Structure formats: structure tokens, C-alpha cells
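First up is the structure itself, then whatever we jot down about it.
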Amino acid sequence: MNKPSIPKGTRDFLPLEAARRSCIFDTIRSVFRRYGYQPIETPAMENLSTLLGKYGDEGDRLLFKILNSGDALSALTPPDLTEGAVLKVCEKGLRYDLTVPFARFVVQHQNDLTFPFKRYQMQPVWRADRPQKGRYREFYQCDADVVGSTSLLNEVELVQIIDDVFSQLNIPVTIKINNRKVLNGIAEIMGEADKLTDITVAIDKIDKIGLSAVEDELAAKGVATQAIMRLRPILQLSGSNRDKLVALRQVLEASATGLAGVAELQTIIDYLQALPVVQTVEIDLSLARGLNYYTGAIFEVKAHNAAIGSICGGGRYDDLTGVFGLKNVSGVGISFGADRIYDVLLQLDRFPSAANEGARVLFFNLDETGERQALRYVQQLRRQGIVTEIYPDRHKLKKQFEYADRRGIPFVAIVGEEEAKNGVVALKNLLSGEQQNVPFEQLADIVSKL
């Protein structure tokens, strides 16, 4: 018999891990709600026609396709196994992200929504990627988007959300900002406007492969050597955000599109400087976000002192709904990578203590009289908000103590015939070893204080 296993790039979560993940989700959800975002959900699978062509060639290759029926491929002979033939028996796919399904959702339900529409969504997505550290085939995204508004106040608000979430999670981060119009302008002054996609896809890898490898990839894509040399000093611009904006205006002087992007960056930075933003905000001209649908501001978040990639990202998309028939509906959004945030908190050992807590009290099970009284006590404590358990079997004390110790339960309560008669509980603190008889009416206060 084969040893049970799960597919590569997926994970099981034990109770402690699941509780810690819930802490992350609860923190992000509470911030979304505080800013007025409303929850939605979409199916795990979408029609392939919804997904294909929205993420670029690399994204399309990473889509998980679903057979129309389990034996659909068996009807095809090897000569028929072309991409077109396979797509005829695979008309659905697992969602690659939450943004494209959201665009489909907005178009499909436009008459039921009030615009601008602010939504949040926290669900798993799937990518047929090569599993590696920090990169999974199944992972959760926690998205917040605003559609139906072109105001840059939305970008500012999303940065505030990022700031609030990571401040509450106690993760120091740098919030990197760029603008796709700036990248368009750079491609124009390079003389390679027709290779914008190749340029942005290559630049997007700069953190992983370095500048030299990016330049080699651009050369392989047919970008002229002179154009690549024009790009290098732009990607290496340093100094404050203000210094970079001044330099960009000079570099992009001949590009109206590029200057429009600089103006948008300036507006966002000016608003943020007037707000109490805790985390570092940095203009990063190497930030490209390789997804094709971005058209304006783009964001990416990197944790300090953690060996992991981006833990949040997003940007402005001016007409993503247009591919589904609803033109001129601009949107902007961000996506938190819950799985990578989990890994960062684990590396930095910064999970809040509340995320590790399970039951506070375990009632031992000794005899029928005590069991019946313990059941009543357990119910009352639970109604007072204290996580309480009763050991289900009448085993020896040693086994019940071992259970409490392995579960990390700090208090055990014993109700025998004598305790039941006197309305008291023998309460033992397993951390200090102290034991005392406590009137049940005082039990909740004692457990809560300790």
C-alpha cells in the first residue's frame, strides 16, 4: 500500500498552524471591513474563456485546466492531442487569481451593485507552477478592490490598508510603488514601445535574477543594445522619492504618457506624506508587475529581515471589465498572500500569543456524579467565553494529565462526588503546580485573570 501523500505545492495544516492562519485572516478581514469593503465569493473554477489571455503567455501556461468529464481525454488519439483539441475537452479551469474572476463578477452582476463598489475576497487560487520555497500551487489570496472610480484617493486608501495590516501583524515592510505609465514612457524613450510586454516581464524578475540577467533576457527578445543601455541608469536611480520624481521628469520629458505616470506617483506620495503612515513607502522603478492588465499605479510589499518574495501586491487596471463587455470601468486593488505572510511570521517568530491558544480548562472525568456536574460547569464556562473541554472517557488521572499537557491546556478542573456536593472545583494550574478548591462562581474570574 502506498504511503498517503498530497500533491507537491500543497500543504496540510495542523491545529496550531490552522489557528495561526485564522489569526492572519481575521486581522486582514477586520481591516478590510473597517475601510468599508464588502465580502464576496466566486467559484473555484471559471470558464477557460474567462481566464485565458488575461495574464500573458506565462500566466496562461500556469492555468490548471479541468476535464469536462473524467474520461474525456481517452477519446482522443495521440495525433489529436493538440492544444486546440485538449481545450475542447477542457472548457473550465481553476482560478489563477481573484482579480479576473472579480471583473467577470462585476460585469455579470452590474445591476445589483452600487458603484464605486468596494469588495474584499479571501479564497484559494491555483497555479501550475514549479513548487519551491515560498511558492505553492495552492495558496490563499486576500484581495481588496475598488471599481467604478478613477480617483487616486483609492490608491492612497489601499496603501493605508497595507500599512494597517502589517502594523497589526507586527511585520516591518517596505511598500514599493511604481506606475505602468512610467514603464510605458521608459519603453518609448528606449525606442522599444512595441516591446513593452517583453520589457515589463523581464524587469519584473530583477529581484530574482539580477540586472545583468534581465539585460540578457531583453537582448534575447530582440531589444537593441543601445536601448538596454538607456534602461540601466533608470532602474538604478536612487535617493528619496522626491529625488526620483525629479529625475524621472527629466528622463521622460519627451513622453506624455510617462509624465502622466510621474504626476500620478507625485499625487499619491504627497497624500501619503500628510498621513500617519508607519511603514516605509518607496518608489521603485524596477517594479513592473508582469500581469498584462495593469495600467496605472502598481504596488508590491517586501518584508524586512525575511528571506521571501513579495507578500502583497496589486495595482490599477483601467478596463479589465471591458473584455467582458463593460467598457470604461476602472478599478484598483491589492492582494495579500496569506501563505507567504504565514511564512514570514514563522521566520520572525511574531505570531501573537492569542494565535496559539486553545482550551483554557480541561475538566477531568472521574465518575458518573462528577461527570454530570462537570457537563453543567463546562456549558456555563463556554457561555462566558472561556474555551473549555471535558475529557470524554473515564481513564486514569495520569492519562488525562498527559492529554492536558500535550494540548498545552493550562488548567485542569476536577469535580468528584465531594466537590459536586459542596459546589466547588479542584482547580490545578499546570504551569505553576498550584492547586486549590474554588467555588464554581469564582472559577471564570480566576481562569481569566491567570
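Letters for chains follow the order of the C-alpha cells (A, B, ...), residue numbers begin at 1 for each chain, and ligand numbers begin at 1 in the order shown.
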
Residues of stretch 320-400 of chain A at most 12 Å from stretch 42-60 of chain A: nearest atom pair and distance in Å, only C-alpha atoms, as a Markdown table:
```
| residue | atom | partner | partner_atom | distance |
| --- | --- | --- | --- | --- |
| A:Leu320 | CA | A:Lys54 | CA | 8.6 |
| A:Thr321 | CA | A:Thr50 | CA | 10.8 |
| A:Gly322 | CA | A:Lys54 | CA | 11.6 |
| A:Val323 | CA | A:Thr50 | CA | 9.0 |
| A:Phe324 | CA | A:Thr50 | CA | 8.1 |
| A:Gly325 | CA | A:Thr50 | CA | 11.8 |
```

Put those residues in a file: C-alpha atoms, as a PDB file, in the first residue's frame.
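Final output, out_14.pdb:
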```pdb
ATOM      1  CA  LEU A 320     -10.322  44.810 -17.283  1.00  0.00           C
ATOM      2  CA  THR A 321     -14.117  44.584 -17.332  1.00  0.00           C
ATOM      3  CA  GLY A 322     -14.029  45.694 -20.988  1.00  0.00           C
ATOM      4  CA  VAL A 323     -13.008  42.194 -22.125  1.00  0.00           C
ATOM      5  CA  PHE A 324     -16.319  41.004 -20.662  1.00  0.00           C
ATOM      6  CA  GLY A 325     -18.380  43.709 -22.390  1.00  0.00           C
TER       7      GLY A 325
END
```

Practice prompt. Find the residues near A:Val146: any atom within 6 Å, counting only C-alpha atoms, skip ones fewer than 3 places away on the same chain, and give them as a PyMOL selection string.
Written response: chain A and resi 117-118+331-332

Take the residues from that selection and put them in a file with C-alpha atoms, as an mmCIF file, in the first residue's frame.
```cif
data_model
loop_
_atom_site.group_PDB
_atom_site.id
_atom_site.type_symbol
_atom_site.label_atom_id
_atom_site.label_comp_id
_atom_site.auth_asym_id
_atom_site.auth_seq_id
_atom_site.Cartn_x
_atom_site.Cartn_y
_atom_site.Cartn_z
ATOM 1 C CA PHE A 117 -18.034 49.150 -5.486
ATOM 2 C CA LYS A 118 -15.561 48.168 -2.758
ATOM 3 C CA GLY A 331 -10.528 49.585 -10.875
ATOM 4 C CA VAL A 332 -7.623 49.289 -8.471
#
```

Can you list every residue of stretch 341-398 of chain A that has an atom at most 9 Å from stretch 415-437 of chain A, with its nearest atom pair and the distance in Å to one decimal, using only C-alpha atoms, ordered by chain then number, as a tab-separated table?
```
residue	atom	partner	partner_atom	distance
A:Phe363	CA	A:Val415	CA	7.6
A:Phe364	CA	A:Val415	CA	7.4
A:Asn365	CA	A:Val415	CA	7.9
A:Leu366	CA	A:Gly416	CA	6.6
A:Asp367	CA	A:Gly416	CA	6.9
A:Glu368	CA	A:Glu417	CA	8.8
A:Thr369	CA	A:Glu417	CA	5.9
A:Gly370	CA	A:Gly416	CA	4.6
A:Glu371	CA	A:Val415	CA	7.5
A:Gln373	CA	A:Ala420	CA	6.4
A:Ala374	CA	A:Val415	CA	6.3
```

Close residues, A:Lys8 itself excluded, 12 Å, only C-alpha atoms, min 5 positions apart in chain, as a short mmCIF file (atom, residue, chain, number, x, y, z; two decimals) with C-alpha atoms, in the first residue's frame:
```
data_model
loop_
_atom_site.label_atom_id
_atom_site.label_comp_id
_atom_site.auth_asym_id
_atom_site.auth_seq_id
_atom_site.Cartn_x
_atom_site.Cartn_y
_atom_site.Cartn_z
CA ARG A 127 -1.16 27.86 -10.33
CA ALA A 128 0.63 25.02 -12.12
CA ASP A 129 3.97 26.44 -11.04
CA ARG A 130 7.14 24.63 -10.00
CA PRO A 131 6.87 24.29 -6.22
CA GLN A 132 9.70 25.92 -4.26
CA LYS A 133 10.24 27.85 -1.06
CA ARG A 135 5.83 29.39 -3.97
CA TYR A 136 2.87 27.00 -3.85
CA ARG A 137 0.43 25.51 -6.33
CA GLU A 138 -2.50 26.15 -3.99
#
```

Fill in: All helix (DSSP H, G or I) positions in stretch 61-261 of chain A, as a PyMOL selection string
chain A and resi 61+72-75+78-80+83-89+99-108+110-112+153-168+180-190+193-203+206-220+225-235+241-251+256-261

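Closest to A:Glu157 among A:Arg360, A:Asp243, A:Leu272, A:Ile171 is A:Leu272, based on only C-alpha atoms.
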
Item to complete: To one decimal in Å, tell me the separation between atom CA of A:Gly9 and atom CA of A:Asp339.
Response: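 Straight-line distance from atom CA of A:Gly9 to atom CA of A:Asp339 works out to 11.7 Å.
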
Practice prompt. Compile the contact shell of A:Asp405 as a list in words: residues with an atom at most 12 Å away, counting only C-alpha atoms, same-chain residues fewer than 4 positions apart removed.
Written response: Ala359, Arg360, Val361, Leu362, Lys398, Lys399, Gln400, Phe401, Ile409, Pro410, Phe411, Val412, Asn429, Leu430 and Leu431 of chain A

Worksheet item: Any idea what the distance is between atom CA of A:Pro124 and atom CA of A:Gly309?
Response: 18.7 Å

Worksheet entry | Polymer residues at most 12 Å from A:Ala18, only C-alpha atoms, same-chain spacing of 3 or more positions, as a PyMOL selection string | chain A and resi 11-15+21-25+338-339+342+355-358

Write a file of the just-selected residues containing C-alpha atoms, as a compact mmCIF listing (two decimals), in the first residue's frame.
```
# COMPACT_ATOMS: atom_id res chain seq x y z
CA ARG A 11 0.02 21.71 2.34
CA ASP A 12 -1.89 20.25 5.26
CA PHE A 13 -2.28 22.46 8.32
CA LEU A 14 -2.24 21.03 11.84
CA PRO A 15 -4.43 22.68 14.50
CA ARG A 21 -3.61 31.20 9.73
CA SER A 22 -7.01 32.16 11.12
CA CYS A 23 -5.30 34.94 13.06
CA ILE A 24 -3.87 36.30 9.79
CA PHE A 25 -7.23 36.08 8.02
CA ALA A 338 -1.67 34.78 3.30
CA ASP A 339 0.65 31.80 2.89
CA TYR A 342 2.42 32.98 7.47
CA ALA A 355 -2.99 32.64 17.89
CA ASN A 356 -1.51 29.76 19.92
CA GLU A 357 -4.26 29.46 22.49
CA GLY A 358 -6.65 26.51 22.57
```

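For the set A:His304, A:Lys65, A:Arg406, A:Arg119, the residue with the smallest atom-to-atom gap to A:Val344 is A:His304, counting only C-alpha atoms.
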
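Between atom CA of A:Ile386 and atom CA of A:Glu17 the interatomic distance comes to 21.1 Å.
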